[in-house]
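J.: Attaching a single structure in structure tokens format; questions to follow.
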Amino acid sequence: MSMPRIVILGAGLGGAIAAFEIKAAVGDKAEVSVVSQGDTFSFVPSNPWVAVHWRKRAAIEVKLPPVLKKRGVAFTGVGAKRVSPAENQLQLNDGTTVDYDYLVIATGPDLAFDEIAGLGPGAGFTQSICHIDHAEAAAAAFDKFVENPGPIVVGAVQGASCFGPAYEFAMILDTELKRRKIRDRVPMTFVTSEPYVGHLGLDGVGDTKGLLESEMRNRHIKWVTNAKVSRVEPGMMHVEEISDDGSVKTTHELPFAYSMMLPAFRGVDAVRGVEGLTNPRGFILVDKHQRNPTFPNVFALGVCVAIAPTGKTPVPVGVPKTGFMIESMVSAIAENLGALMDGKAAASEATWNAFCLADFGDGGVAFVAQPQIPPRNVNWSASGKWVHLAKVGFEKYFLGKIKRGESEPFYEKLALEVMGLRKIKG
Ligand code: FAD
């Protein structure tokens with residue numbers, strides 16, 4: 001009998017560690033392969049640094065084929081055009097197909113810039129830090145901006161779920177502009193769909209509201225919450241501020257010489273609209289074992305997974321999916337596939353906790369939320385210069401692990417160290 005084939009689709013932050021961890025869990029009992037888009041692993045959390053030249057692209061990328069080969073994992077960077085779970089098959093972009101027995105989807109987000117006129121790089125007028133290519137383009141735009149400074153608008157639009165990087169980038173820009181001694185020429189506004197500063201899609205964690213408001217006040221960054229961006233024109237953002245009852249409270253016309261706005265996320269084309277696999281936004285439906293209910297041989301992890309919002313807000317906001325949570329999904333899937341290879345049931349569950357180090361260049365805010373949705377057992381936040389140092393250290397640590405193809409979970413270790421607690425597992 002031939003060995004079961006496990007295919008991991010996507011080799012970003014979740015998919016890459018999944019490849020190592022799943023291979024370690026199943027050993028020689030299954031063939032493990034990865035289908036990604038391009039050959040490179042890119043450490044997304046460092047993108048805000050790339051956008052102000054604090055990092056070069058080469059420093060945060062790893063060529064995956066040799067590392068995966070060393071671990072006995074096959075690889076193609078051709079990319080999937082469509083997932084056909086009813087046929088247990090992937091159609092790749094080069095016209096070939098890949099058959100699988102188990103599929104692990106880790107395709108991350110599709111960036112929905114097209115939902116707002118004028119949003120995003122390329123066809124629009126705002127920058128992005130969601131992808132390394134965008135971060136490099138944002139750095140080039142920043143170079144032009146500093147020659148002739150003016151107002152900056154930074155934030156996250158309606159339907160966004162990833163707010164931490166928007167705060168990070170606002171504060172990083174503030175730090176960089178101070179270093180260049182031109183901060184006095186740059187009025188800054190933070191525009192967010194969150195109902196309050198520090199909500200983060202999580203209804204706040206510890207005192208993130210107080211900490212982040214205080215940071216913004218100290219840095220002279222104004223803010224608009226409950227914001228819905230209606231359209232962006234060259235140098236001008238049109239924003240509606242929404243009341244609790246859903247009506248328009250007031251409108252803002254915000255001029256900008258530089259803007260970075262995080263878009264809403266949705267599932268990638270290859271999976272969006274596959275009956276039974278995804279929700280209407282194209283996110284993969286999973287049960288508590290990270291398994292799709294319609295196609296139980298399909299697992300999913302990371303940003304591509306469907307998670308319900310924490311509660312109703314005047315402007316829709318999503319729940320962030322950060323590294324700690326993603327890592328717990330990876331571990332659960334690796335354990336479940338290991339069990340299935342041994343003829344046992346898939347019983348492991350991910351912990352879905354949130355942990356974030358938001359770096360501001362000269363300081364930062366850290367938080368741990370367990371579980372994600374309040375009320376919580378752990379609801380911790382803190383700030384200080386050490387957050388910046390911790391994030392720099394973590395980047396080095398994480399990239400080192402990827403380069404060596406090591407599988408052991410790291411986020412939990414870091415969260416424990418950061419909190420100075422010995423045990424936060426429920
Ligand atoms: P990704 O890392 O985006 O990986 C998806 C992979 O799938 C990519 O390799 C892509 O090429 C591939 N892919 C997509 N479509 C296809 C296809 N059709 N066929 C084959 N391959 C495909 N979290 C934290 O915990 N800490 C942070 O500091 C942090 N900072 C962040 C900063 C930014 C700017 C952003 C956007 C997010 C940040 N996050 C952070 C959140 C989260 O950890 C990252 O978004 C993380 O990259 C998500 O991992 P992922 O594997 O789900 O998706």
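Quick note on naming: the chains in the structure tokens go A, B, ... in the order shown, residues restart at 1 in each chain, and ligands are numbered from 1 in order of appearance.
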Would you mind writing down, as a ChimeraX atom specification, each residue of segment 215-423 of chain A that DSSP on the backbone assigns to alpha helix (DSSP H)?

T.: /A:215-218,323-341,385-404,411-419

J.: Counting only C-alpha atoms, what is within 12 Å of Pro375 of chain A, bar same-chain residues fewer than 6 positions away, as a list of chain:residue names?

T.: A:Leu202, A:Asp203, A:Gly204, A:Val205, A:Gly206, A:Thr310, A:Ala369

J.: Let me make sure I understand: among A:Glu168, A:Glu31, A:Glu176, A:Glu233, which one has the smallest atom-to-atom distance to ligand 1 if we use only C-alpha atoms and all ligand atoms?

T.: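 Selected residue with least distance to ligand 1: A:Glu168.
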
J.: Excluding Val197 of chain A and its own-chain neighbours fewer than 3 positions away, which residues fall within 12 Å of it when counting only C-alpha atoms? Please give them as a ChimeraX atom specification.

T.: /A:155-156,163-164,166-167,190-194,200-205,207-217,221-227

J.: Using only N, CA, C and O atoms, please write the residues we just selected to a file, as a compact mmCIF listing (two decimals), in the first residue's frame.

T.:
# COMPACT_ATOMS: atom_id res chain seq x y z
N GLY A 155 -3.86 53.71 9.41
CA GLY A 155 -4.92 53.02 10.14
C GLY A 155 -5.36 51.73 9.49
O GLY A 155 -4.58 51.07 8.78
N ALA A 156 -6.61 51.36 9.78
CA ALA A 156 -7.17 50.10 9.28
C ALA A 156 -8.63 50.35 8.91
O ALA A 156 -9.37 50.96 9.68
N PHE A 163 -5.09 44.83 13.56
CA PHE A 163 -4.93 46.24 13.95
C PHE A 163 -3.55 46.53 14.52
O PHE A 163 -3.06 47.64 14.41
N GLY A 164 -2.94 45.53 15.17
CA GLY A 164 -1.63 45.74 15.80
C GLY A 164 -0.63 46.41 14.86
O GLY A 164 -0.02 47.42 15.22
N ALA A 166 -1.11 48.32 12.38
CA ALA A 166 -1.47 49.72 12.06
C ALA A 166 -0.94 50.63 13.17
O ALA A 166 -0.34 51.68 12.90
N TYR A 167 -1.14 50.22 14.45
CA TYR A 167 -0.59 51.01 15.56
C TYR A 167 0.93 51.03 15.48
O TYR A 167 1.56 52.07 15.66
N PHE A 190 -4.71 58.86 13.03
CA PHE A 190 -4.93 57.41 13.00
C PHE A 190 -6.42 57.19 12.74
O PHE A 190 -7.27 57.69 13.47
N VAL A 191 -6.73 56.47 11.67
CA VAL A 191 -8.12 56.24 11.27
C VAL A 191 -8.40 54.75 11.41
O VAL A 191 -7.73 53.93 10.79
N THR A 192 -9.39 54.40 12.24
CA THR A 192 -9.62 52.96 12.48
C THR A 192 -11.11 52.62 12.57
O THR A 192 -11.90 53.42 13.08
N SER A 193 -11.42 51.43 12.10
CA SER A 193 -12.80 50.94 12.21
C SER A 193 -13.11 50.44 13.61
O SER A 193 -14.28 50.18 13.93
N GLU A 194 -12.11 50.32 14.46
CA GLU A 194 -12.36 49.87 15.84
C GLU A 194 -13.28 50.86 16.57
O GLU A 194 -13.19 52.06 16.34
N LEU A 200 -8.54 46.47 19.08
CA LEU A 200 -7.70 45.47 18.40
C LEU A 200 -8.47 44.27 17.85
O LEU A 200 -7.89 43.21 17.60
N GLY A 201 -9.79 44.42 17.71
CA GLY A 201 -10.59 43.28 17.24
C GLY A 201 -10.84 42.26 18.34
O GLY A 201 -11.41 41.20 18.11
N LEU A 202 -10.40 42.60 19.57
CA LEU A 202 -10.46 41.66 20.70
C LEU A 202 -11.23 42.25 21.88
O LEU A 202 -11.18 41.71 22.98
N ASP A 203 -11.89 43.40 21.66
CA ASP A 203 -12.52 44.17 22.73
C ASP A 203 -11.49 44.53 23.82
O ASP A 203 -11.77 44.51 25.00
N GLY A 204 -10.29 44.86 23.35
CA GLY A 204 -9.22 45.27 24.25
C GLY A 204 -8.59 44.09 24.96
O GLY A 204 -9.21 43.02 25.08
N VAL A 205 -7.35 44.26 25.38
CA VAL A 205 -6.66 43.23 26.17
C VAL A 205 -5.95 43.96 27.30
O VAL A 205 -5.15 44.86 27.05
N ASP A 207 -5.11 46.69 29.63
CA ASP A 207 -5.44 48.09 29.41
C ASP A 207 -4.89 48.61 28.09
O ASP A 207 -4.31 49.69 28.02
N THR A 208 -5.08 47.86 27.01
CA THR A 208 -4.60 48.35 25.70
C THR A 208 -5.25 49.68 25.33
O THR A 208 -4.64 50.49 24.64
N LYS A 209 -6.49 49.90 25.79
CA LYS A 209 -7.14 51.20 25.50
C LYS A 209 -6.34 52.33 26.11
O LYS A 209 -5.95 53.28 25.43
N GLY A 210 -6.08 52.23 27.40
CA GLY A 210 -5.33 53.27 28.09
C GLY A 210 -3.91 53.41 27.55
O GLY A 210 -3.45 54.52 27.29
N LEU A 211 -3.24 52.28 27.38
CA LEU A 211 -1.84 52.31 26.93
C LEU A 211 -1.70 52.95 25.56
O LEU A 211 -0.84 53.81 25.34
N LEU A 212 -2.56 52.52 24.62
CA LEU A 212 -2.41 53.03 23.25
C LEU A 212 -2.91 54.46 23.12
O LEU A 212 -2.32 55.27 22.39
N GLU A 213 -3.96 54.82 23.84
CA GLU A 213 -4.42 56.22 23.81
C GLU A 213 -3.31 57.13 24.34
O GLU A 213 -3.02 58.19 23.78
N SER A 214 -2.71 56.69 25.44
CA SER A 214 -1.66 57.48 26.06
C SER A 214 -0.47 57.65 25.10
O SER A 214 0.08 58.74 24.94
N GLU A 215 -0.08 56.53 24.44
CA GLU A 215 1.00 56.60 23.45
C GLU A 215 0.67 57.62 22.36
O GLU A 215 1.51 58.41 21.94
N MET A 216 -0.57 57.57 21.88
CA MET A 216 -0.97 58.46 20.78
C MET A 216 -0.96 59.92 21.24
O MET A 216 -0.54 60.80 20.50
N ARG A 217 -1.43 60.14 22.47
CA ARG A 217 -1.40 61.52 22.99
C ARG A 217 0.04 62.00 23.12
O ARG A 217 0.37 63.10 22.70
N ILE A 221 -0.56 62.09 17.96
CA ILE A 221 -1.29 61.44 16.86
C ILE A 221 -2.78 61.54 17.19
O ILE A 221 -3.23 61.03 18.22
N LYS A 222 -3.55 62.23 16.34
CA LYS A 222 -5.00 62.32 16.55
C LYS A 222 -5.63 61.03 16.05
O LYS A 222 -5.01 60.29 15.27
N TRP A 223 -6.86 60.78 16.46
CA TRP A 223 -7.50 59.57 15.94
C TRP A 223 -8.97 59.76 15.63
O TRP A 223 -9.62 60.64 16.20
N VAL A 224 -9.45 58.92 14.71
CA VAL A 224 -10.88 58.81 14.40
C VAL A 224 -11.22 57.34 14.54
O VAL A 224 -10.64 56.49 13.86
N THR A 225 -12.16 57.01 15.46
CA THR A 225 -12.60 55.62 15.62
C THR A 225 -13.96 55.44 14.95
O THR A 225 -14.55 56.40 14.48
N ASN A 226 -14.47 54.21 14.94
CA ASN A 226 -15.73 53.91 14.24
C ASN A 226 -15.70 54.47 12.82
O ASN A 226 -16.69 54.99 12.32
N ALA A 227 -14.54 54.38 12.20
CA ALA A 227 -14.35 55.03 10.90
C ALA A 227 -14.61 54.07 9.75
O ALA A 227 -14.19 52.91 9.79

J.: Show me which residues are within 6 Å of ligand 1 counting only C-alpha atoms and all ligand atoms, and format the list as a ChimeraX atom specification.

T.: /A:9-15,35-37,44-45,47,79-81,106-109,129-130,165,268,270,302-304,321-324,356-357

J.: With C-alpha atoms retained, could you export that selection as a PDB file, in the first residue's frame?

T.:
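After the write, again-v7.pdb holds the following:
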ATOM      1  CA  LEU A   9      -0.906  24.627   0.828  1.00  0.00           C
ATOM      2  CA  GLY A  10       0.932  27.885   1.580  1.00  0.00           C
ATOM      3  CA  ALA A  11       4.320  28.326   3.275  1.00  0.00           C
ATOM      4  CA  GLY A  12       4.019  31.589   5.162  1.00  0.00           C
ATOM      5  CA  LEU A  13       4.291  31.993   8.904  1.00  0.00           C
ATOM      6  CA  GLY A  14       1.856  29.137   9.588  1.00  0.00           C
ATOM      7  CA  GLY A  15       2.499  26.847   6.612  1.00  0.00           C
ATOM      8  CA  VAL A  35       2.694  23.803  -2.438  1.00  0.00           C
ATOM      9  CA  SER A  36       3.365  27.521  -2.072  1.00  0.00           C
ATOM     10  CA  GLN A  37       3.518  30.624  -4.223  1.00  0.00           C
ATOM     11  CA  VAL A  44       5.516  39.277   7.676  1.00  0.00           C
ATOM     12  CA  PRO A  45       5.811  40.818  11.197  1.00  0.00           C
ATOM     13  CA  ASN A  47       7.301  44.370   7.143  1.00  0.00           C
ATOM     14  CA  GLY A  79       0.972  28.021  -6.548  1.00  0.00           C
ATOM     15  CA  ALA A  80      -2.523  26.538  -6.591  1.00  0.00           C
ATOM     16  CA  LYS A  81      -5.212  27.895  -8.870  1.00  0.00           C
ATOM     17  CA  ALA A 106      -2.425  27.800   5.163  1.00  0.00           C
ATOM     18  CA  THR A 107      -2.932  30.345   2.398  1.00  0.00           C
ATOM     19  CA  GLY A 108      -3.159  33.475   4.595  1.00  0.00           C
ATOM     20  CA  PRO A 109      -5.195  36.473   3.476  1.00  0.00           C
ATOM     21  CA  ILE A 129       2.735  46.715   4.740  1.00  0.00           C
ATOM     22  CA  CYS A 130       0.883  43.403   4.411  1.00  0.00           C
ATOM     23  CA  PRO A 165       0.507  46.507  12.716  1.00  0.00           C
ATOM     24  CA  VAL A 268      -7.602  33.671  -1.512  1.00  0.00           C
ATOM     25  CA  ALA A 270      -8.009  29.317  -4.908  1.00  0.00           C
ATOM     26  CA  GLY A 302      -3.633  30.775  10.212  1.00  0.00           C
ATOM     27  CA  VAL A 303      -5.266  33.850   8.758  1.00  0.00           C
ATOM     28  CA  CYS A 304      -7.262  31.782   6.223  1.00  0.00           C
ATOM     29  CA  LYS A 321      -5.052  35.784  13.984  1.00  0.00           C
ATOM     30  CA  THR A 322      -1.600  36.195  15.400  1.00  0.00           C
ATOM     31  CA  GLY A 323       1.452  33.988  15.713  1.00  0.00           C
ATOM     32  CA  PHE A 324       0.673  32.372  19.057  1.00  0.00           C
ATOM     33  CA  CYS A 356       1.222  40.370  20.448  1.00  0.00           C
ATOM     34  CA  LEU A 357       4.367  42.443  20.674  1.00  0.00           C
TER      35      LEU A 357
END

J.: Mind giving me the straight-line distance from atom CA of Phe43 of chain A to atom CA of Glu395 of chain A in Å, one decimal?

T.: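 Rounded to one decimal, the two atoms are 8.0 Å apart.
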
J.: For Asp244 of chain A, work out the shell of residues within 12 Å, counting only C-alpha atoms and skipping chain neighbours fewer than 6 positions away, then give it as a ChimeraX atom specification.

T.: /A:195-196,225-227,312-316

J.: Any chance you can output those residues with C-alpha atoms as a PDB file, in the first residue's frame?

T.:
ATOM      1  CA  PRO A 195     -14.975  51.296  18.259  1.00  0.00           C
ATOM      2  CA  TYR A 196     -12.178  52.606  20.485  1.00  0.00           C
ATOM      3  CA  THR A 225     -12.596  55.617  15.616  1.00  0.00           C
ATOM      4  CA  ASN A 226     -15.729  53.908  14.238  1.00  0.00           C
ATOM      5  CA  ALA A 227     -14.353  55.029  10.901  1.00  0.00           C
ATOM      6  CA  LYS A 312     -21.167  43.637  17.373  1.00  0.00           C
ATOM      7  CA  THR A 313     -19.466  46.949  16.638  1.00  0.00           C
ATOM      8  CA  PRO A 314     -20.845  50.020  14.781  1.00  0.00           C
ATOM      9  CA  VAL A 315     -18.338  49.359  11.964  1.00  0.00           C
ATOM     10  CA  PRO A 316     -17.475  45.703  11.298  1.00  0.00           C
TER      11      PRO A 316
END

J.: Quick one: distance from atom CA of Phe295 of chain A to atom CA of Leu337 of chain A in Å, one decimal?

T.: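 Between atom CA of Phe295 of chain A and atom CA of Leu337 of chain A the gap is 14.6 Å.
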
J.: Write out as a compact mmCIF listing (two decimals) with N, CA, C and O atoms, in the first residue's frame each polymer residue whose atoms come within 8 Å of segment 276-283 of chain A, counting only C-alpha atoms; drop sequence neighbours fewer than 3 positions from it.

T.:
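Output (result-v4.txt):
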# COMPACT_ATOMS: atom_id res chain seq x y z
N PRO A 85 -11.82 19.98 -3.10
CA PRO A 85 -11.83 19.00 -2.01
C PRO A 85 -12.70 17.78 -2.31
O PRO A 85 -12.44 16.71 -1.77
N ARG A 266 -9.79 38.62 3.15
CA ARG A 266 -10.74 37.58 2.74
C ARG A 266 -9.91 36.38 2.29
O ARG A 266 -8.69 36.47 2.21
N GLY A 267 -10.60 35.28 1.98
CA GLY A 267 -9.87 34.08 1.55
C GLY A 267 -9.30 34.28 0.14
O GLY A 267 -9.83 35.08 -0.64
N VAL A 268 -8.24 33.55 -0.18
CA VAL A 268 -7.60 33.67 -1.51
C VAL A 268 -8.49 33.03 -2.59
O VAL A 268 -9.35 32.20 -2.29
N VAL A 271 -9.50 29.22 -2.98
CA VAL A 271 -10.47 28.55 -2.10
C VAL A 271 -11.82 29.24 -2.04
O VAL A 271 -12.83 28.62 -1.69
N ARG A 272 -11.85 30.56 -2.36
CA ARG A 272 -13.09 31.33 -2.20
C ARG A 272 -14.21 30.73 -3.04
O ARG A 272 -14.02 30.44 -4.22
N GLY A 273 -15.38 30.51 -2.41
CA GLY A 273 -16.54 30.03 -3.15
C GLY A 273 -16.58 28.51 -3.33
O GLY A 273 -17.48 28.01 -3.99
N ASN A 292 -12.17 20.75 8.49
CA ASN A 292 -13.36 21.23 7.80
C ASN A 292 -14.50 20.21 8.00
O ASN A 292 -14.30 19.02 7.78
N PRO A 293 -15.69 20.68 8.41
CA PRO A 293 -16.78 19.74 8.69
C PRO A 293 -17.26 18.98 7.45
O PRO A 293 -17.62 17.81 7.55
N THR A 294 -17.25 19.62 6.29
CA THR A 294 -17.72 18.94 5.07
C THR A 294 -16.67 17.97 4.53
O THR A 294 -17.00 16.88 4.06
N PHE A 295 -15.41 18.42 4.57
CA PHE A 295 -14.31 17.59 4.04
C PHE A 295 -13.33 17.33 5.18
O PHE A 295 -12.36 18.07 5.37
N CYS A 304 -6.22 32.26 7.14
CA CYS A 304 -7.26 31.78 6.22
C CYS A 304 -8.44 31.12 6.93
O CYS A 304 -9.45 30.80 6.32
N VAL A 305 -8.35 30.94 8.27
CA VAL A 305 -9.40 30.25 9.02
C VAL A 305 -10.54 31.20 9.38
O VAL A 305 -10.30 32.36 9.73
N ALA A 306 -11.79 30.73 9.32
CA ALA A 306 -12.96 31.54 9.69
C ALA A 306 -13.11 31.58 11.21
O ALA A 306 -13.18 30.54 11.85

J.: Please provide as a PyMOL selection string all residues within 12 Å of segment 49-59 of chain A, with the sequence filter that same-chain residues fewer than 2 positions apart are discarded (counting only C-alpha atoms).

T.: chain A and resi 40-47+61-63+127-146+165+168-177+179-180+259-260+358-361+388+391-392+395-396+399-400+403

J.: Residues within 12 Å of Val330 of chain A, please, as a ChimeraX atom specification. Count only C-alpha atoms; anything in the same chain fewer than 6 positions from it doesn't count.

T.: /A:8,13-23,25,104-106,289-291,299-302,323-324,336-337,348-352,407-411

J.: Expressed in Å to a single decimal, how great is the separation between atom CA of Asp101 of chain A and atom CA of Ile6 of chain A?

T.: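 That distance, rounded to one decimal, is 6.1 Å.
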
J.: Output as a list in words all residues of segment 305-363 of chain A that backbone DSSP marks as strand (DSSP E).

T.: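 For segment 305-363 of chain A, the strand (DSSP E) set is Ala354, Phe355, Cys356, Leu357, Ala358 and Asp359 of chain A.
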
J.: Kindly indicate which residue among A:Ile284, A:Ala30, A:Val378, A:Leu389 lies nearest to Leu416 of chain A, using only C-alpha atoms for the distances.

T.: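 Of A:Ile284, A:Ala30, A:Val378, A:Leu389, the one nearest Leu416 of chain A, counting only C-alpha atoms, is A:Val378.
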
J.: Which is closest to Gln372 of chain A among A:Gly122, A:Gly338, A:Gly384, A:Gly311, if we use only C-alpha atoms?

T.: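 Smallest distance to Gln372 of chain A is found for A:Gly311.
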
J.: May I have a table of the residues of segment 241-289 of chain A lying at most 12 Å from segment 185-189 of chain A, giving each one's closest pair of atoms and their distance in Å to one decimal, counting only C-alpha atoms, ordered by chain and ascending residue number, as JSON lines?

T.:
{"residue": "A:His252", "atom": "CA", "partner": "A:Thr189", "partner_atom": "CA", "distance": 11.1}
{"residue": "A:Glu253", "atom": "CA", "partner": "A:Thr189", "partner_atom": "CA", "distance": 11.4}
{"residue": "A:Leu254", "atom": "CA", "partner": "A:Thr189", "partner_atom": "CA", "distance": 8.3}
{"residue": "A:Pro255", "atom": "CA", "partner": "A:Thr189", "partner_atom": "CA", "distance": 9.9}
{"residue": "A:Phe256", "atom": "CA", "partner": "A:Met188", "partner_atom": "CA", "distance": 8.9}
{"residue": "A:Ala257", "atom": "CA", "partner": "A:Val186", "partner_atom": "CA", "distance": 9.1}
{"residue": "A:Tyr258", "atom": "CA", "partner": "A:Met188", "partner_atom": "CA", "distance": 9.8}
{"residue": "A:Ser259", "atom": "CA", "partner": "A:Thr189", "partner_atom": "CA", "distance": 9.6}
{"residue": "A:Met260", "atom": "CA", "partner": "A:Thr189", "partner_atom": "CA", "distance": 11.0}
{"residue": "A:Met261", "atom": "CA", "partner": "A:Thr189", "partner_atom": "CA", "distance": 11.4}

J.: Taking only C-alpha atoms into account, name the residue in A:His199, A:Phe394, A:Val286, A:Pro65 that is nearest to Val298 of chain A.

T.: A:Val286
